[in-house]
Amino acid sequence: MAEIVLDKVTKRYPDGALAVQEVNLEIADGEFIILVGPSGCGKSTTLNMIAGLEDITDGELRIGGQRVNEKAPKDRDIAMVFQSYALYPHMTVKENMAFPLRLAKVDNATVEKKVKEAAEILDLTQHLDRKPSNLSGGQRQRVAMGRAIVRNPKAFLMDEPLSNLDAKLRVQMRTSVSRLQKQLGTTTVYVTHDQTEAMTLGDRVVVMRGGVVQQIGAPQFLYDQPANLFVAGFIGSPAMNFVPATLENGSLRSILGDVTLTDRVRQLVEGADAPREVIMGIRPEHFEDAALVEAAALSSGGKFTHQVDVLESMGSDKYAYFNLTGEQAASAELQELAADAGSDDVPGDGISLVTRLSSASGAVEGASSEIWFDADKVQLFDPSNGRNLTYTER
Amino acid sequence: MAGIGGAETPAKKWGWGVLNTVVVIYALIPVLWIVSLSFKSSKTLSDGNFIPREWSLENYQNIFSTSEFTRALINSIGIAVIATAIAVVFGTMAAYAIARLEFPGKNLLVGVSLLIAMFPQVSLVSPLFEIERSLGLFDTWPGLILPYITFALPLAIYTLSAFFREIPWELEKAAKMDGATPGQAFRRVIAPLAAPGVFTTAILVFIFCWNDFLFAISLTSTEQSRTVPVALSFFTGSSQFEDPAGSIAAAAVVITIPIILFVLFFQRRIVAGLTSGAVKG
């Protein structure tokens, strides 16, 4: 058990490429922290530096108050779960899990006891004598976890441990990873590119982009108060909608109509010294079918009428998709997000808008609907640098 | 086969069966012929019968009655085993480095070993002869072991590095994270997984050393270090007019046996898919 401190940790490869740039992060003892970002953002490199599998070019890494930059992985007393599980194929499940203990020269009785305990926690007792090749994906994943937990390390590092499982099993394992971490109370650093895992698992989430930390915070805080366009677009599924807009005397003009800023938003925008041209961001759940909104709220929000392109009914809610004609919001961050999601090659002009309406909505595919959105929940971003103009450290 | 050739029809099956039989017969007839010759007595040696009229162990008794053959057999086994052991140990180290590490001169090393493998050995015989004579290595075991290692090493390095590349690197990282030193990671994780590759390489190198005739005839002169292939060529009948074919056949059969045993013994260890289950898939 220990806290992990990254103090301006930097990774520069011999060819000059900067993989990770001055990451500052204090991970408290017992905390579950998630490193998330699109591929190539430096999250795995950061994890490997904590593990000791990659050298730290600059900065300091402290585990339990001790500088460990120069220590070999084996002397750091941390365990790692790999994306591919990396089980030793020539050893049985039992031998795999006992391997770290054998290396640590633990006596036989203790090894037996600890492996048995770990196997019980992970429900692997009946598979102990099998080889990894005879196990299913989920079982292999659990063996990899078992190998990590047997020796009570100071910390767990997990490199996309669930990404090789199929969707249903992934959700199951996600809950068991979370439960296991709470049960053991071991500091855990978890790398993923899946924002759902990031939102559901972590005490705190670190969003990275191009080797630079974008924002660190609790999942809900990142969702409510993204520091910039990148975080706003990355966290949340379906993603936040982005529309170009113009600020004019306290009102916001966009393709979704004119809307008067609420006092809260106006104060923030004035304090942030906002430019005239901005990018407006609204989450899908902040839209509603205008027919279902109370009159008082109706007048304070924005309204637009447009034909529903696609309507998906989830039972509990309805997702209405609109395709509005107009220029898409343009910024480097949004382009990168689109490229990461693979949606940059999906054909289609104009602005696509995702709205989540209540199931009582009478919206019909192909017909026009009047849609309301909550003006107080609007987030505004500076297109030049992606900064959130409505950000508050609430 | 069904996947490539479409549906497996009875006609196709028969076609393949016949073709396979022909190939096997073609390959085995010379071997059977040698076996047959080795069991014929000197009188019936050239009677042209494929199956001996009268079976005799005369030829086998002959070759084992003098030290000429037994001594050569000992030389052959000793030289081939020592050369194989050394080549495999060094080959494993070199192949591991080539497969896993980036170091200056790596491409040069790979290039040079390829060059050695392709070099016409016959052009080296005269210089080697001169060098070994002046160094006192001529007609000694080391005098053969050294050139064998030289030519077996590239073979070993190439085969083994292919095997090492197959082993997922993450296993080594995992071992490191589990608290292993690099040495422990190699011994307890990588080496057991590379074992099939090591055995395959050992067989190839052993066969190479065992079969060599060129170096063996040029760099030896007496029974002290003459290997079996050379000793065979020196076989004579008991008199000038006697044909040594029977003895040669018997000796040829005897020297094939170690190779067959070697392959049969190690074949079990060369199990494909030993690494399956390490990573996803």
# chains A, B, ... in the order shown; residues from 1 in each chain; ligands from 1

$ residues_around --residues "region 58-67 of chain B" --least-positions-apart "4" --cutoff "7 Å" --atoms "only C-alpha atoms" --output "list in words"
Ser38, Phe39, Ser41, Arg71, Gly246, Ser247, Ala250 and Ala251 of chain B

$ residues_around --residues "region 223-229 of chain B" --least-positions-apart "3" --cutoff "6 Å" --atoms "only C-alpha atoms" --output "mmCIF file with C-alpha atoms, in the first residue's frame"
data_model
loop_
_atom_site.group_PDB
_atom_site.id
_atom_site.type_symbol
_atom_site.label_atom_id
_atom_site.label_comp_id
_atom_site.auth_asym_id
_atom_site.auth_seq_id
_atom_site.Cartn_x
_atom_site.Cartn_y
_atom_site.Cartn_z
ATOM 1 C CA ALA B 72 35.204 -43.809 -36.577
ATOM 2 C CA LEU B 73 31.820 -44.257 -34.954
ATOM 3 C CA ASN B 75 34.790 -40.024 -33.427
ATOM 4 C CA SER B 76 31.604 -39.200 -35.269
ATOM 5 C CA ASP B 139 43.709 -34.682 -37.526
ATOM 6 C CA THR B 140 42.318 -33.865 -34.069
ATOM 7 C CA TRP B 141 38.731 -33.602 -32.731
ATOM 8 C CA PHE B 213 32.245 -35.497 -45.650
ATOM 9 C CA THR B 220 41.887 -35.863 -40.980
ATOM 10 C CA LEU B 232 33.338 -45.699 -45.273
#

$ closest_residue --among "A:Lys113, A:Arg266, A:Arg147, A:Arg62" --to "chain B" --atoms "only C-alpha atoms"
A:Arg147

$ atom_distance --atom1 "CA of Ala363 (chain A)" --atom2 "CA of Asp289 (chain A)"
7.6 Å

$ residues_around --residues "Glu54 (chain B)" --least-positions-apart "6" --cutoff "12 Å" --atoms "only C-alpha atoms" --output "PyMOL selection string"
chain B and resi 36-45+47

$ write_last_selection --atoms "C-alpha atoms" --output "PDB file, in the first residue's frame"
ATOM      1  CA  SER B  36      19.052 -55.502 -48.367  1.00  0.00           C
ATOM      2  CA  LEU B  37      22.681 -55.309 -49.531  1.00  0.00           C
ATOM      3  CA  SER B  38      23.903 -55.186 -45.964  1.00  0.00           C
ATOM      4  CA  PHE B  39      22.259 -58.521 -45.193  1.00  0.00           C
ATOM      5  CA  LYS B  40      23.650 -60.358 -48.205  1.00  0.00           C
ATOM      6  CA  SER B  41      26.703 -62.562 -47.971  1.00  0.00           C
ATOM      7  CA  SER B  42      29.692 -61.759 -50.156  1.00  0.00           C
ATOM      8  CA  LYS B  43      28.780 -64.564 -52.590  1.00  0.00           C
ATOM      9  CA  THR B  44      25.240 -63.398 -53.253  1.00  0.00           C
ATOM     10  CA  LEU B  45      26.077 -59.705 -53.148  1.00  0.00           C
ATOM     11  CA  ASP B  47      22.997 -61.599 -57.682  1.00  0.00           C
TER      12      ASP B  47
END

$ atom_distance --atom1 "CA of Lys94 (chain A)" --atom2 "CA of Arg179 (chain A)"
22.7 Å

$ atom_distance --atom1 "CA of Phe206 (chain B)" --atom2 "CA of Ile74 (chain B)"
14.5 Å

$ closest_atom_pairs --of "chain A" --to "chain B" --cutoff "10 Å" --atoms "only C-alpha atoms" --output "JSON lines"
{"residue": "A:Asn48", "atom": "CA", "partner": "B:Lys173", "partner_atom": "CA", "distance": 10.0}
{"residue": "A:Ala51", "atom": "CA", "partner": "B:Met177", "partner_atom": "CA", "distance": 7.4}
{"residue": "A:Gly52", "atom": "CA", "partner": "B:Met177", "partner_atom": "CA", "distance": 8.4}
{"residue": "A:Leu53", "atom": "CA", "partner": "B:Lys173", "partner_atom": "CA", "distance": 7.1}
{"residue": "A:Ala72", "atom": "CA", "partner": "B:Lys176", "partner_atom": "CA", "distance": 8.4}
{"residue": "A:Pro73", "atom": "CA", "partner": "B:Met177", "partner_atom": "CA", "distance": 5.5}
{"residue": "A:Lys74", "atom": "CA", "partner": "B:Gly179", "partner_atom": "CA", "distance": 3.9}
{"residue": "A:Asp75", "atom": "CA", "partner": "B:Gly179", "partner_atom": "CA", "distance": 7.1}
{"residue": "A:Arg76", "atom": "CA", "partner": "B:Met177", "partner_atom": "CA", "distance": 8.7}
{"residue": "A:Asp77", "atom": "CA", "partner": "B:Gly179", "partner_atom": "CA", "distance": 7.7}
{"residue": "A:Ile78", "atom": "CA", "partner": "B:Met177", "partner_atom": "CA", "distance": 7.0}
{"residue": "A:Ala79", "atom": "CA", "partner": "B:Met177", "partner_atom": "CA", "distance": 5.9}
{"residue": "A:Met80", "atom": "CA", "partner": "B:Met177", "partner_atom": "CA", "distance": 6.4}
{"residue": "A:Val81", "atom": "CA", "partner": "B:Ala174", "partner_atom": "CA", "distance": 8.0}
{"residue": "A:Phe82", "atom": "CA", "partner": "B:Ala174", "partner_atom": "CA", "distance": 7.7}
{"residue": "A:Gln83", "atom": "CA", "partner": "B:Val279", "partner_atom": "CA", "distance": 8.6}
{"residue": "A:Ser84", "atom": "CA", "partner": "B:Val279", "partner_atom": "CA", "distance": 4.8}
{"residue": "A:Tyr85", "atom": "CA", "partner": "B:Val279", "partner_atom": "CA", "distance": 5.9}
{"residue": "A:Ala86", "atom": "CA", "partner": "B:Leu171", "partner_atom": "CA", "distance": 5.0}
{"residue": "A:Leu87", "atom": "CA", "partner": "B:Ala278", "partner_atom": "CA", "distance": 4.8}
{"residue": "A:Tyr88", "atom": "CA", "partner": "B:Ala278", "partner_atom": "CA", "distance": 5.7}
{"residue": "A:Pro89", "atom": "CA", "partner": "B:Ala278", "partner_atom": "CA", "distance": 4.8}
{"residue": "A:His90", "atom": "CA", "partner": "B:Leu193", "partner_atom": "CA", "distance": 7.0}
{"residue": "A:Met91", "atom": "CA", "partner": "B:Val189", "partner_atom": "CA", "distance": 9.2}
{"residue": "A:Met97", "atom": "CA", "partner": "B:Asp178", "partner_atom": "CA", "distance": 9.8}
{"residue": "A:Ala98", "atom": "CA", "partner": "B:Asp178", "partner_atom": "CA", "distance": 9.9}
{"residue": "A:Phe99", "atom": "CA", "partner": "B:Asp178", "partner_atom": "CA", "distance": 7.2}
{"residue": "A:Pro100", "atom": "CA", "partner": "B:Asp178", "partner_atom": "CA", "distance": 4.7}
{"residue": "A:Leu101", "atom": "CA", "partner": "B:Asp178", "partner_atom": "CA", "distance": 8.3}
{"residue": "A:Arg102", "atom": "CA", "partner": "B:Gly179", "partner_atom": "CA", "distance": 9.5}
{"residue": "A:Leu103", "atom": "CA", "partner": "B:Ala180", "partner_atom": "CA", "distance": 6.3}
{"residue": "A:Ala104", "atom": "CA", "partner": "B:Gly179", "partner_atom": "CA", "distance": 7.1}
{"residue": "A:Lys131", "atom": "CA", "partner": "B:Gly277", "partner_atom": "CA", "distance": 7.9}
{"residue": "A:Pro132", "atom": "CA", "partner": "B:Gly277", "partner_atom": "CA", "distance": 5.1}
{"residue": "A:Ser133", "atom": "CA", "partner": "B:Gly277", "partner_atom": "CA", "distance": 3.7}
{"residue": "A:Asn134", "atom": "CA", "partner": "B:Gly277", "partner_atom": "CA", "distance": 7.4}
{"residue": "A:Leu135", "atom": "CA", "partner": "B:Gly277", "partner_atom": "CA", "distance": 7.9}
{"residue": "A:Ser136", "atom": "CA", "partner": "B:Gly277", "partner_atom": "CA", "distance": 9.4}
{"residue": "A:Gly137", "atom": "CA", "partner": "B:Lys280", "partner_atom": "CA", "distance": 7.2}
{"residue": "A:Arg140", "atom": "CA", "partner": "B:Gly277", "partner_atom": "CA", "distance": 8.4}
{"residue": "A:Gln141", "atom": "CA", "partner": "B:Lys280", "partner_atom": "CA", "distance": 9.5}
{"residue": "A:Ala144", "atom": "CA", "partner": "B:Ala174", "partner_atom": "CA", "distance": 9.7}
{"residue": "A:Arg147", "atom": "CA", "partner": "B:Asp178", "partner_atom": "CA", "distance": 8.1}
{"residue": "A:Ala148", "atom": "CA", "partner": "B:Asp178", "partner_atom": "CA", "distance": 7.9}
{"residue": "A:Arg151", "atom": "CA", "partner": "B:Asp178", "partner_atom": "CA", "distance": 9.1}
{"residue": "A:Pro153", "atom": "CA", "partner": "B:Asp178", "partner_atom": "CA", "distance": 9.9}
{"residue": "A:Leu157", "atom": "CA", "partner": "B:Met177", "partner_atom": "CA", "distance": 10.0}
{"residue": "A:Asn164", "atom": "CA", "partner": "B:Lys280", "partner_atom": "CA", "distance": 7.1}
{"residue": "A:Leu165", "atom": "CA", "partner": "B:Lys280", "partner_atom": "CA", "distance": 9.2}

$ select_by_dssp --residues "region 13-180 of chain B" --states "helix (DSSP H, G or I)" --output "ChimeraX atom specification"
/B:13-38,58-65,67-100,106-118,121-135,141-166,169-177

$ residues_around --residues "region 158-167 of chain B" --least-positions-apart "6" --cutoff "6 Å" --atoms "only C-alpha atoms" --output "short mmCIF file (atom, residue, chain, number, x, y, z; two decimals) with N, CA, C and O atoms, in the first residue's frame"
data_model
loop_
_atom_site.label_atom_id
_atom_site.label_comp_id
_atom_site.auth_asym_id
_atom_site.auth_seq_id
_atom_site.Cartn_x
_atom_site.Cartn_y
_atom_site.Cartn_z
N ALA B 95 20.82 -15.68 -30.84
CA ALA B 95 19.49 -15.53 -31.42
C ALA B 95 18.58 -14.72 -30.51
O ALA B 95 17.79 -13.89 -30.97
N ALA B 99 16.79 -11.35 -31.62
CA ALA B 99 15.33 -11.26 -31.66
C ALA B 99 14.81 -10.16 -30.73
O ALA B 99 13.78 -9.57 -30.99
N GLY B 197 12.17 -25.06 -30.20
CA GLY B 197 13.09 -24.46 -31.17
C GLY B 197 14.50 -24.95 -30.95
O GLY B 197 15.24 -25.25 -31.91
#

$ residues_around --residues "Pro383 (chain A)" --least-positions-apart "4" --cutoff "12 Å" --atoms "only C-alpha atoms" --output "list in words"
Asn228, Leu229, Phe230, Phe242, Val243, Pro244, Ala245, Thr246, Ala274, Pro275, Arg276, Glu277, Val278, Ile279, Met280, Gly281, Gln328, Ala329, Ala330, Ser331, Ala332, Glu333, Leu334, Gln335, Arg387, Asn388 and Leu389 of chain A

$ select_by_dssp --residues "region 241-331 of chain A" --states "strand (DSSP E or B)" --output "ChimeraX atom specification"
/A:241-248,251-254,257-260,277-282,287-289,302-307,310-313,317-324

$ residues_around --residues "region 112-115 of chain B" --least-positions-apart "5" --cutoff "12 Å" --atoms "only C-alpha atoms" --output "MDAnalysis selection string"
chainID B and resid 91 94:95 98 105:107 120:121 149:159

$ residues_around --residues "Val198 (chain B)" --least-positions-apart "4" --cutoff "8 Å" --atoms "only C-alpha atoms" --output "list in words"
Val88, Thr92, Leu160, Ala194 and Ala202 of chain B

$ write_last_selection --atoms "N, CA and C atoms" --output "PDB file, in the first residue's frame"
ATOM      1  N   VAL B  88      24.580 -24.865 -30.231  1.00  0.00           N
ATOM      2  CA  VAL B  88      23.231 -24.554 -29.747  1.00  0.00           C
ATOM      3  C   VAL B  88      23.287 -23.553 -28.593  1.00  0.00           C
ATOM      4  N   THR B  92      21.744 -19.986 -29.157  1.00  0.00           N
ATOM      5  CA  THR B  92      20.605 -19.529 -28.356  1.00  0.00           C
ATOM      6  C   THR B  92      20.845 -18.111 -27.840  1.00  0.00           C
ATOM      7  N   LEU B 160      16.773 -20.347 -34.484  1.00  0.00           N
ATOM      8  CA  LEU B 160      16.373 -19.997 -33.125  1.00  0.00           C
ATOM      9  C   LEU B 160      15.773 -18.602 -33.038  1.00  0.00           C
ATOM     10  N   ALA B 194      11.093 -21.763 -25.508  1.00  0.00           N
ATOM     11  CA  ALA B 194      11.916 -21.875 -26.708  1.00  0.00           C
ATOM     12  C   ALA B 194      12.416 -23.292 -26.903  1.00  0.00           C
ATOM     13  N   ALA B 202      18.947 -28.305 -32.593  1.00  0.00           N
ATOM     14  CA  ALA B 202      19.937 -29.325 -32.242  1.00  0.00           C
ATOM     15  C   ALA B 202      19.921 -30.451 -33.274  1.00  0.00           C
TER      16      ALA B 202
END

$ closest_residue --among "A:His306, A:Tyr391, A:Gly202, A:Gly350" --to "Gly366 (chain A)" --atoms "only C-alpha atoms"
A:His306

$ closest_residue --among "B:Leu261, B:Ala231, B:Val205, B:Phe186" --to "Ile248 (chain B)" --atoms "only C-alpha atoms"
B:Ala231

$ closest_residue --among "A:Lys114, A:Arg12, A:Lys168, A:Lys105" --to "Asn152 (chain A)" --atoms "only C-alpha atoms"
A:Lys114

$ decode --residues "region 34-117 of chain B" --atoms "C-alpha atoms" --output "mmCIF file, in the first residue's frame"
data_model
loop_
_atom_site.group_PDB
_atom_site.id
_atom_site.type_symbol
_atom_site.label_atom_id
_atom_site.label_comp_id
_atom_site.auth_asym_id
_atom_site.auth_seq_id
_atom_site.Cartn_x
_atom_site.Cartn_y
_atom_site.Cartn_z
ATOM 1 C CA ILE B 34 21.088 -50.590 -48.903
ATOM 2 C CA VAL B 35 19.480 -52.535 -46.064
ATOM 3 C CA SER B 36 19.052 -55.502 -48.367
ATOM 4 C CA LEU B 37 22.681 -55.309 -49.531
ATOM 5 C CA SER B 38 23.903 -55.186 -45.964
ATOM 6 C CA PHE B 39 22.259 -58.521 -45.193
ATOM 7 C CA LYS B 40 23.650 -60.358 -48.205
ATOM 8 C CA SER B 41 26.703 -62.562 -47.971
ATOM 9 C CA SER B 42 29.692 -61.759 -50.156
ATOM 10 C CA LYS B 43 28.780 -64.564 -52.590
ATOM 11 C CA THR B 44 25.240 -63.398 -53.253
ATOM 12 C CA LEU B 45 26.077 -59.705 -53.148
ATOM 13 C CA SER B 46 25.756 -59.093 -56.854
ATOM 14 C CA ASP B 47 22.997 -61.599 -57.682
ATOM 15 C CA GLY B 48 20.569 -58.744 -58.359
ATOM 16 C CA ASN B 49 17.859 -59.927 -55.978
ATOM 17 C CA PHE B 50 16.051 -57.218 -54.085
ATOM 18 C CA ILE B 51 15.278 -59.581 -51.211
ATOM 19 C CA PRO B 52 18.378 -61.532 -50.099
ATOM 20 C CA ARG B 53 18.218 -65.309 -50.864
ATOM 21 C CA GLU B 54 20.092 -66.091 -47.715
ATOM 22 C CA TRP B 55 20.263 -63.636 -44.819
ATOM 23 C CA SER B 56 23.606 -63.160 -43.185
ATOM 24 C CA LEU B 57 25.104 -60.886 -40.557
ATOM 25 C CA GLU B 58 28.532 -61.356 -42.103
ATOM 26 C CA ASN B 59 28.872 -57.714 -43.136
ATOM 27 C CA TYR B 60 27.941 -56.431 -39.688
ATOM 28 C CA GLN B 61 30.394 -58.791 -38.064
ATOM 29 C CA ASN B 62 33.045 -57.601 -40.512
ATOM 30 C CA ILE B 63 32.706 -53.913 -39.830
ATOM 31 C CA PHE B 64 32.659 -54.350 -36.075
ATOM 32 C CA SER B 65 35.592 -56.760 -36.116
ATOM 33 C CA THR B 66 38.198 -54.078 -36.805
ATOM 34 C CA SER B 67 38.776 -50.787 -35.058
ATOM 35 C CA GLU B 68 38.503 -48.945 -38.373
ATOM 36 C CA PHE B 69 34.728 -48.582 -38.145
ATOM 37 C CA THR B 70 34.148 -48.602 -34.366
ATOM 38 C CA ARG B 71 36.778 -45.940 -33.820
ATOM 39 C CA ALA B 72 35.204 -43.809 -36.577
ATOM 40 C CA LEU B 73 31.820 -44.257 -34.954
ATOM 41 C CA ILE B 74 33.149 -42.960 -31.642
ATOM 42 C CA ASN B 75 34.790 -40.024 -33.427
ATOM 43 C CA SER B 76 31.604 -39.200 -35.269
ATOM 44 C CA ILE B 77 29.406 -39.294 -32.179
ATOM 45 C CA GLY B 78 31.866 -37.346 -30.042
ATOM 46 C CA ILE B 79 32.560 -34.641 -32.600
ATOM 47 C CA ALA B 80 28.929 -34.189 -33.612
ATOM 48 C CA VAL B 81 27.638 -34.066 -30.038
ATOM 49 C CA ILE B 82 30.265 -31.575 -28.849
ATOM 50 C CA ALA B 83 29.846 -29.357 -31.911
ATOM 51 C CA THR B 84 26.055 -29.461 -31.573
ATOM 52 C CA ALA B 85 26.127 -28.600 -27.879
ATOM 53 C CA ILE B 86 28.443 -25.637 -28.347
ATOM 54 C CA ALA B 87 26.642 -24.337 -31.438
ATOM 55 C CA VAL B 88 23.231 -24.554 -29.747
ATOM 56 C CA VAL B 89 24.357 -22.805 -26.555
ATOM 57 C CA PHE B 90 25.997 -19.915 -28.409
ATOM 58 C CA GLY B 91 23.288 -19.882 -31.046
ATOM 59 C CA THR B 92 20.605 -19.529 -28.356
ATOM 60 C CA MET B 93 22.343 -16.562 -26.795
ATOM 61 C CA ALA B 94 22.975 -14.846 -30.113
ATOM 62 C CA ALA B 95 19.485 -15.534 -31.422
ATOM 63 C CA TYR B 96 17.901 -14.184 -28.250
ATOM 64 C CA ALA B 97 19.906 -10.994 -28.536
ATOM 65 C CA ILE B 98 19.023 -10.629 -32.211
ATOM 66 C CA ALA B 99 15.326 -11.257 -31.657
ATOM 67 C CA ARG B 100 14.928 -9.049 -28.585
ATOM 68 C CA LEU B 101 17.533 -6.336 -28.391
ATOM 69 C CA GLU B 102 18.605 -3.374 -30.416
ATOM 70 C CA PHE B 103 22.367 -3.046 -30.348
ATOM 71 C CA PRO B 104 24.900 -1.418 -32.657
ATOM 72 C CA GLY B 105 26.152 -3.840 -35.283
ATOM 73 C CA LYS B 106 23.098 -6.083 -35.106
ATOM 74 C CA ASN B 107 22.478 -5.961 -38.838
ATOM 75 C CA LEU B 108 26.162 -6.566 -39.464
ATOM 76 C CA LEU B 109 26.053 -9.658 -37.254
ATOM 77 C CA VAL B 110 23.007 -11.023 -39.053
ATOM 78 C CA GLY B 111 24.595 -10.224 -42.419
ATOM 79 C CA VAL B 112 27.892 -11.894 -41.565
ATOM 80 C CA SER B 113 26.193 -15.025 -40.298
ATOM 81 C CA LEU B 114 24.160 -15.223 -43.495
ATOM 82 C CA LEU B 115 27.358 -14.759 -45.465
ATOM 83 C CA ILE B 116 29.008 -17.643 -43.623
ATOM 84 C CA ALA B 117 26.003 -19.866 -44.209
#
